[in-house]
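What follows is my_file.pdb (PDB, C-alpha atoms, pLDDT in the B column).
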```
ATOM      1  CA  MET A   1      43.464  93.836-180.570  1.00 63.00           C
ATOM      2  CA  MET A   2      44.001  90.588-178.743  1.00 74.00           C
ATOM      3  CA  MET A   3      46.001  87.761-180.209  1.00 77.00           C
ATOM      4  CA  THR A   4      43.747  84.739-180.499  1.00 88.00           C
ATOM      5  CA  SER A   5      44.400  81.298-181.886  1.00 91.00           C
ATOM      6  CA  GLU A   6      42.504  82.373-185.010  1.00 90.00           C
ATOM      7  CA  TRP A   7      44.870  85.315-185.535  1.00 90.00           C
ATOM      8  CA  ALA A   8      47.879  83.060-184.934  1.00 91.00           C
ATOM      9  CA  PHE A   9      46.524  80.636-187.544  1.00 93.00           C
ATOM     10  CA  ILE A  10      46.007  83.472-190.040  1.00 91.00           C
ATOM     11  CA  LEU A  11      49.556  84.730-189.465  1.00 92.00           C
ATOM     12  CA  ASP A  12      50.946  81.215-189.934  1.00 95.00           C
ATOM     13  CA  GLU A  13      48.999  80.828-193.170  1.00 94.00           C
ATOM     14  CA  ALA A  14      50.224  84.239-194.369  1.00 94.00           C
ATOM     15  CA  ASP A  15      53.809  83.180-193.662  1.00 97.00           C
ATOM     16  CA  ALA A  16      53.260  79.927-195.539  1.00 96.00           C
ATOM     17  CA  LEU A  17      51.753  81.796-198.512  1.00 96.00           C
ATOM     18  CA  SER A  18      54.628  84.258-198.500  1.00 96.00           C
ATOM     19  CA  SER A  19      57.121  81.397-198.469  1.00 97.00           C
ATOM     20  CA  MET A  20      55.337  79.682-201.366  1.00 97.00           C
ATOM     21  CA  ILE A  21      55.399  82.875-203.402  1.00 97.00           C
ATOM     22  CA  LEU A  22      59.073  83.557-202.686  1.00 97.00           C
ATOM     23  CA  ASN A  23      59.994  79.981-203.634  1.00 97.00           C
ATOM     24  CA  SER A  24      57.859  79.954-206.785  1.00 97.00           C
ATOM     25  CA  GLU A  25      59.157  79.583-210.305  1.00 97.00           C
ATOM     26  CA  LEU A  26      57.826  83.043-211.211  1.00 97.00           C
ATOM     27  CA  VAL A  27      59.905  84.718-208.493  1.00 98.00           C
ATOM     28  CA  ARG A  28      62.939  82.680-209.525  1.00 98.00           C
ATOM     29  CA  ASN A  29      62.434  83.752-213.166  1.00 98.00           C
ATOM     30  CA  TYR A  30      62.060  87.372-212.066  1.00 98.00           C
ATOM     31  CA  ARG A  31      65.244  87.268-209.984  1.00 98.00           C
ATOM     32  CA  GLU A  32      67.193  85.669-212.840  1.00 98.00           C
ATOM     33  CA  ALA A  33      65.907  88.251-215.329  1.00 98.00           C
ATOM     34  CA  HIS A  34      66.680  91.090-212.898  1.00 98.00           C
ATOM     35  CA  GLN A  35      70.188  89.740-212.347  1.00 98.00           C
ATOM     36  CA  ALA A  36      70.729  89.397-216.107  1.00 97.00           C
ATOM     37  CA  VAL A  37      69.788  93.049-216.696  1.00 97.00           C
ATOM     38  CA  TYR A  38      71.608  94.618-213.777  1.00 97.00           C
ATOM     39  CA  SER A  39      74.790  92.571-214.122  1.00 97.00           C
ATOM     40  CA  ASP A  40      75.293  93.847-217.685  1.00 96.00           C
ATOM     41  CA  ARG A  41      77.338  97.018-217.222  1.00 97.00           C
ATOM     42  CA  SER A  42      76.566  98.510-220.633  1.00 96.00           C
ATOM     43  CA  LEU A  43      72.857  97.898-220.162  1.00 97.00           C
ATOM     44  CA  VAL A  44      72.924  99.521-216.714  1.00 97.00           C
ATOM     45  CA  GLU A  45      74.614 102.558-218.277  1.00 97.00           C
ATOM     46  CA  LYS A  46      71.927 102.720-220.982  1.00 96.00           C
ATOM     47  CA  ILE A  47      69.208 102.545-218.320  1.00 97.00           C
ATOM     48  CA  ALA A  48      70.902 105.321-216.327  1.00 97.00           C
ATOM     49  CA  ALA A  49      71.177 107.468-219.478  1.00 96.00           C
ATOM     50  CA  PHE A  50      67.505 106.837-220.208  1.00 96.00           C
ATOM     51  CA  ASN A  51      66.560 107.861-216.653  1.00 96.00           C
ATOM     52  CA  ARG A  52      68.536 111.100-217.029  1.00 95.00           C
ATOM     53  CA  LEU A  53      66.760 111.752-220.316  1.00 95.00           C
ATOM     54  CA  LYS A  54      63.414 111.096-218.598  1.00 94.00           C
ATOM     55  CA  GLU A  55      64.173 113.936-216.193  1.00 93.00           C
ATOM     56  CA  GLN A  56      64.741 116.243-219.161  1.00 91.00           C
ATOM     57  CA  TYR A  57      61.553 114.892-220.730  1.00 92.00           C
ATOM     58  CA  GLU A  58      59.566 115.826-217.610  1.00 91.00           C
ATOM     59  CA  ASP A  59      60.986 119.347-217.798  1.00 88.00           C
ATOM     60  CA  VAL A  60      60.022 119.564-221.473  1.00 89.00           C
ATOM     61  CA  GLN A  61      56.498 118.359-220.662  1.00 89.00           C
ATOM     62  CA  ARG A  62      55.943 121.364-218.426  1.00 89.00           C
ATOM     63  CA  PHE A  63      56.292 123.706-221.407  1.00 87.00           C
ATOM     64  CA  GLY A  64      55.161 121.386-224.186  1.00 86.00           C
ATOM     65  CA  LYS A  65      56.051 122.154-227.762  1.00 85.00           C
ATOM     66  CA  TYR A  66      57.162 125.645-226.748  1.00 88.00           C
ATOM     67  CA  HIS A  67      60.261 124.274-225.010  1.00 86.00           C
ATOM     68  CA  PRO A  68      63.369 124.926-227.174  1.00 90.00           C
ATOM     69  CA  ASP A  69      64.510 121.279-226.976  1.00 89.00           C
ATOM     70  CA  TYR A  70      61.060 119.747-227.365  1.00 91.00           C
ATOM     71  CA  HIS A  71      61.606 117.946-230.671  1.00 91.00           C
ATOM     72  CA  THR A  72      65.142 116.835-229.830  1.00 93.00           C
ATOM     73  CA  ILE A  73      64.213 115.374-226.450  1.00 93.00           C
ATOM     74  CA  MET A  74      61.016 113.752-227.725  1.00 93.00           C
ATOM     75  CA  LYS A  75      62.878 112.080-230.578  1.00 95.00           C
ATOM     76  CA  GLU A  76      65.759 110.960-228.364  1.00 95.00           C
ATOM     77  CA  ILE A  77      63.554 109.523-225.618  1.00 95.00           C
ATOM     78  CA  ARG A  78      61.570 107.492-228.139  1.00 96.00           C
ATOM     79  CA  LYS A  79      64.797 106.234-229.698  1.00 97.00           C
ATOM     80  CA  GLN A  80      66.322 105.192-226.362  1.00 96.00           C
ATOM     81  CA  LYS A  81      63.083 103.633-225.108  1.00 96.00           C
ATOM     82  CA  ARG A  82      62.775 101.579-228.269  1.00 97.00           C
ATOM     83  CA  GLU A  83      66.382 100.479-227.958  1.00 96.00           C
ATOM     84  CA  LEU A  84      65.801  99.352-224.376  1.00 96.00           C
ATOM     85  CA  ASP A  85      62.472  97.691-225.200  1.00 95.00           C
ATOM     86  CA  LEU A  86      64.072  95.682-228.002  1.00 96.00           C
ATOM     87  CA  ASN A  87      66.852  94.448-225.733  1.00 97.00           C
ATOM     88  CA  GLU A  88      66.206  90.768-225.011  1.00 97.00           C
ATOM     89  CA  LYS A  89      67.265  90.993-221.363  1.00 97.00           C
ATOM     90  CA  VAL A  90      64.985  93.972-220.695  1.00 97.00           C
ATOM     91  CA  ALA A  91      62.100  92.274-222.512  1.00 97.00           C
ATOM     92  CA  ASN A  92      62.589  89.134-220.403  1.00 97.00           C
ATOM     93  CA  LEU A  93      62.601  91.240-217.230  1.00 97.00           C
ATOM     94  CA  LYS A  94      59.390  93.036-218.217  1.00 97.00           C
ATOM     95  CA  PHE A  95      57.731  89.721-219.045  1.00 97.00           C
ATOM     96  CA  ALA A  96      58.829  88.220-215.713  1.00 97.00           C
ATOM     97  CA  GLU A  97      57.589  91.326-213.871  1.00 97.00           C
ATOM     98  CA  ASN A  98      54.183  91.094-215.542  1.00 95.00           C
ATOM     99  CA  GLU A  99      53.870  87.371-214.841  1.00 96.00           C
ATOM    100  CA  LEU A 100      54.735  87.878-211.175  1.00 96.00           C
ATOM    101  CA  GLN A 101      52.389  90.874-210.882  1.00 94.00           C
ATOM    102  CA  ASP A 102      49.545  88.822-212.378  1.00 94.00           C
ATOM    103  CA  LEU A 103      50.155  86.101-209.790  1.00 95.00           C
ATOM    104  CA  LEU A 104      50.131  88.644-206.958  1.00 95.00           C
ATOM    105  CA  ASP A 105      46.963  90.278-208.331  1.00 93.00           C
ATOM    106  CA  GLU A 106      45.228  86.917-208.530  1.00 93.00           C
ATOM    107  CA  ILE A 107      46.236  86.059-204.957  1.00 94.00           C
ATOM    108  CA  CYS A 108      44.961  89.439-203.750  1.00 92.00           C
ATOM    109  CA  LEU A 109      41.643  88.872-205.507  1.00 92.00           C
ATOM    110  CA  ILE A 110      41.256  85.426-203.961  1.00 92.00           C
ATOM    111  CA  ILE A 111      42.024  86.759-200.488  1.00 91.00           C
ATOM    112  CA  GLY A 112      39.795  89.799-200.946  1.00 90.00           C
ATOM    113  CA  LYS A 113      36.854  87.762-202.216  1.00 90.00           C
ATOM    114  CA  SER A 114      37.274  85.260-199.395  1.00 89.00           C
ATOM    115  CA  VAL A 115      36.686  88.124-196.975  1.00 88.00           C
ATOM    116  CA  SER A 116      33.704  89.557-198.845  1.00 89.00           C
ATOM    117  CA  GLU A 117      32.389  89.837-202.382  1.00 89.00           C
ATOM    118  CA  ALA A 118      32.152  93.602-201.807  1.00 89.00           C
ATOM    119  CA  VAL A 119      35.891  94.033-201.258  1.00 86.00           C
ATOM    120  CA  LYS A 120      37.463  96.128-204.005  1.00 87.00           C
ATOM    121  CA  VAL A 121      40.953  94.923-204.866  1.00 85.00           C
ATOM    122  CA  PRO A 122      43.174  97.207-206.963  1.00 85.00           C
ATOM    123  CA  VAL A 123      44.939  95.225-209.671  1.00 82.00           C
ATOM    124  CA  SER A 124      47.350  96.213-212.415  1.00 80.00           C
ATOM    125  CA  ASN A 125      45.952  93.947-215.121  1.00 70.00           C
ATOM    126  CA  PRO A 126      42.705  95.155-216.752  1.00 72.00           C
ATOM    127  CA  PHE A 127      41.665  91.517-217.286  1.00 67.00           C
ATOM    128  CA  PHE A 128      41.259  91.104-213.555  1.00 59.00           C
ATOM    129  CA  GLU A 129      39.392  94.410-213.239  1.00 57.00           C
ATOM    130  CA  THR A 130      36.798  93.631-215.886  1.00 45.00           C
ATOM    131  CA  SER A 131      36.330  89.931-215.321  1.00 47.00           C
ATOM    132  CA  CYS A 132      32.708  89.767-214.263  1.00 49.00           C
ATOM    133  CA  HIS A 133      32.952  86.245-212.897  1.00 50.00           C
ATOM    134  CA  SER A 134      34.963  87.596-210.005  1.00 46.00           C
ATOM    135  CA  GLY A 135      32.199  89.671-208.510  1.00 48.00           C
ATOM    136  CA  GLY A 136      31.310  92.399-210.993  1.00 49.00           C
ATOM    137  CA  CYS A 137      33.267  94.806-213.091  1.00 53.00           C
ATOM    138  CA  GLY A 138      32.037  98.051-211.579  1.00 52.00           C
ATOM    139  CA  SER A 139      31.548  99.625-215.007  1.00 49.00           C
ATOM    140  CA  GLY A 140      27.826 100.072-214.492  1.00 50.00           C
ATOM    141  CA  GLY A 141      26.848  97.159-216.699  1.00 49.00           C
ATOM    142  CA  ASN A 142      28.743  98.302-219.794  1.00 51.00           C
ATOM    143  CA  CYS A 143      30.077  94.766-220.256  1.00 54.00           C
ATOM    144  CA  SER A 144      26.662  93.077-219.949  1.00 50.00           C
ATOM    145  CA  CYS A 145      27.360  91.820-216.454  1.00 52.00           C
ATOM    146  CA  SER A 146      24.956  91.927-213.570  1.00 47.00           C
ATOM    147  CA  ALA A 147      26.788  94.728-211.752  1.00 43.00           C
TER     148      ALA A 147
END
```
Take the structure from the file and write it as structure tokens.
Amino acid sequence: MMMTSEWAFILDEADALSSMILNSELVRNYREAHQAVYSDRSLVEKIAAFNRLKEQYEDVQRFGKYHPDYHTIMKEIRKQKRELDLNEKVANLKFAENELQDLLDEICLIIGKSVSEAVKVPVSNPFFETSCHSGGCGSGGNCSCSA
């Protein structure tokens, strides 16, 4: 592939877009929320304990309810997950992650659709997947769109 002035322009625009994203309020909020979670030593220990329990959970899932520790592990993982989910710092981080991911999904859709309406862009938010105004939902017309 030869480098043309068009490619150079596209690369410059990509750099500018990247810079705008990295300097956005959403990224700043995400970084602050991430710092708040991972600078709290007790919270980091709880997250590490939860991750260790998740490994046990995966082992239990292989055998299902026949595993000797099935009920204990299932109860404990739900308890720890709820405790983490109710933590304000973790909730703020999850919210910031989702907001940033939505922005990135929207940017990807705009770029993809500017190339072609037929471009399929994987997104994490179901709203973007099923929004028919963005070129069809791909569900075979289940949502009354013209797909």
Which of A:Lys65, A:Ile107, A:Pro126, A:Lys46 sits closest to Asp85 (chain A) [using only C-alpha atoms]: A:Lys46
Every residue with an atom at most 6 Å from (59.2, 89.8, -211.1) (file coordinates; all atoms listed in the file) is what I'm after, so could you write them as an MDAnalysis selection string? chainID A and resid 27 30 96:97 100
Report, in Å with one decimal, the straight-line distance from CA of Asp59 (chain A) to CA of Ile47 (chain A).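 Going from CA of Asp59 (chain A) over to CA of Ile47 (chain A) covers 18.7 Å.
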What's the separation between CA of Asp102 (chain A) and CA of Asn23 (chain A), in Å to one decimal place? 16.2 Å
Quick one: pull the distance between CA of Met20 (chain A) and CA of Leu109 (chain A), Å, one decimal.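 Pair CA of Met20 (chain A) / CA of Leu109 (chain A) returns 17.0 Å.
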Regenerate region 61-77 of chain A at the level of N, CA, C and O atoms and dump it as a CSV table (one decimal), in the frame of the given file.
```csv
chain,number,residue,atom,x,y,z
A,61,GLN,N,57.9,118.5,-220.7
A,61,GLN,CA,56.5,118.4,-220.7
A,61,GLN,C,55.8,119.5,-220.0
A,61,GLN,O,54.7,119.8,-220.3
A,62,ARG,N,56.5,120.2,-219.1
A,62,ARG,CA,55.9,121.4,-218.4
A,62,ARG,C,55.6,122.5,-219.4
A,62,ARG,O,54.6,123.2,-219.3
A,63,PHE,N,56.5,122.6,-220.4
A,63,PHE,CA,56.3,123.7,-221.4
A,63,PHE,C,55.7,123.2,-222.7
A,63,PHE,O,55.3,124.0,-223.6
A,64,GLY,N,55.7,121.9,-222.9
A,64,GLY,CA,55.2,121.4,-224.2
A,64,GLY,C,56.0,121.8,-225.4
A,64,GLY,O,57.2,121.9,-225.3
A,65,LYS,N,55.3,121.9,-226.5
A,65,LYS,CA,56.1,122.2,-227.8
A,65,LYS,C,56.7,123.5,-227.8
A,65,LYS,O,57.5,123.8,-228.7
A,66,TYR,N,56.5,124.3,-226.8
A,66,TYR,CA,57.2,125.6,-226.7
A,66,TYR,C,58.6,125.6,-226.1
A,66,TYR,O,59.3,126.6,-226.2
A,67,HIS,N,58.9,124.5,-225.6
A,67,HIS,CA,60.3,124.3,-225.0
A,67,HIS,C,61.3,124.2,-226.2
A,67,HIS,O,61.0,123.6,-227.2
A,68,PRO,N,62.4,124.9,-226.1
A,68,PRO,CA,63.4,124.9,-227.2
A,68,PRO,C,63.9,123.5,-227.6
A,68,PRO,O,64.2,123.3,-228.8
A,69,ASP,N,64.0,122.6,-226.7
A,69,ASP,CA,64.5,121.3,-227.0
A,69,ASP,C,63.4,120.2,-227.1
A,69,ASP,O,63.7,119.0,-227.1
A,70,TYR,N,62.2,120.7,-227.3
A,70,TYR,CA,61.1,119.7,-227.4
A,70,TYR,C,61.3,118.6,-228.4
A,70,TYR,O,61.2,117.4,-228.0
A,71,HIS,N,61.5,119.0,-229.6
A,71,HIS,CA,61.6,117.9,-230.7
A,71,HIS,C,62.8,117.0,-230.5
A,71,HIS,O,62.7,115.8,-230.7
A,72,THR,N,63.9,117.6,-230.0
A,72,THR,CA,65.1,116.8,-229.8
A,72,THR,C,64.9,115.8,-228.7
A,72,THR,O,65.3,114.6,-228.9
A,73,ILE,N,64.4,116.3,-227.6
A,73,ILE,CA,64.2,115.4,-226.4
A,73,ILE,C,63.2,114.3,-226.8
A,73,ILE,O,63.4,113.1,-226.4
A,74,MET,N,62.1,114.7,-227.4
A,74,MET,CA,61.0,113.8,-227.7
A,74,MET,C,61.5,112.7,-228.7
A,74,MET,O,61.3,111.5,-228.5
A,75,LYS,N,62.3,113.1,-229.6
A,75,LYS,CA,62.9,112.1,-230.6
A,75,LYS,C,63.9,111.2,-229.9
A,75,LYS,O,63.8,109.9,-230.1
A,76,GLU,N,64.7,111.7,-229.0
A,76,GLU,CA,65.8,111.0,-228.4
A,76,GLU,C,65.2,110.0,-227.3
A,76,GLU,O,65.6,108.9,-227.2
A,77,ILE,N,64.1,110.4,-226.6
A,77,ILE,CA,63.6,109.5,-225.6
A,77,ILE,C,62.9,108.4,-226.3
A,77,ILE,O,62.9,107.2,-225.8
```
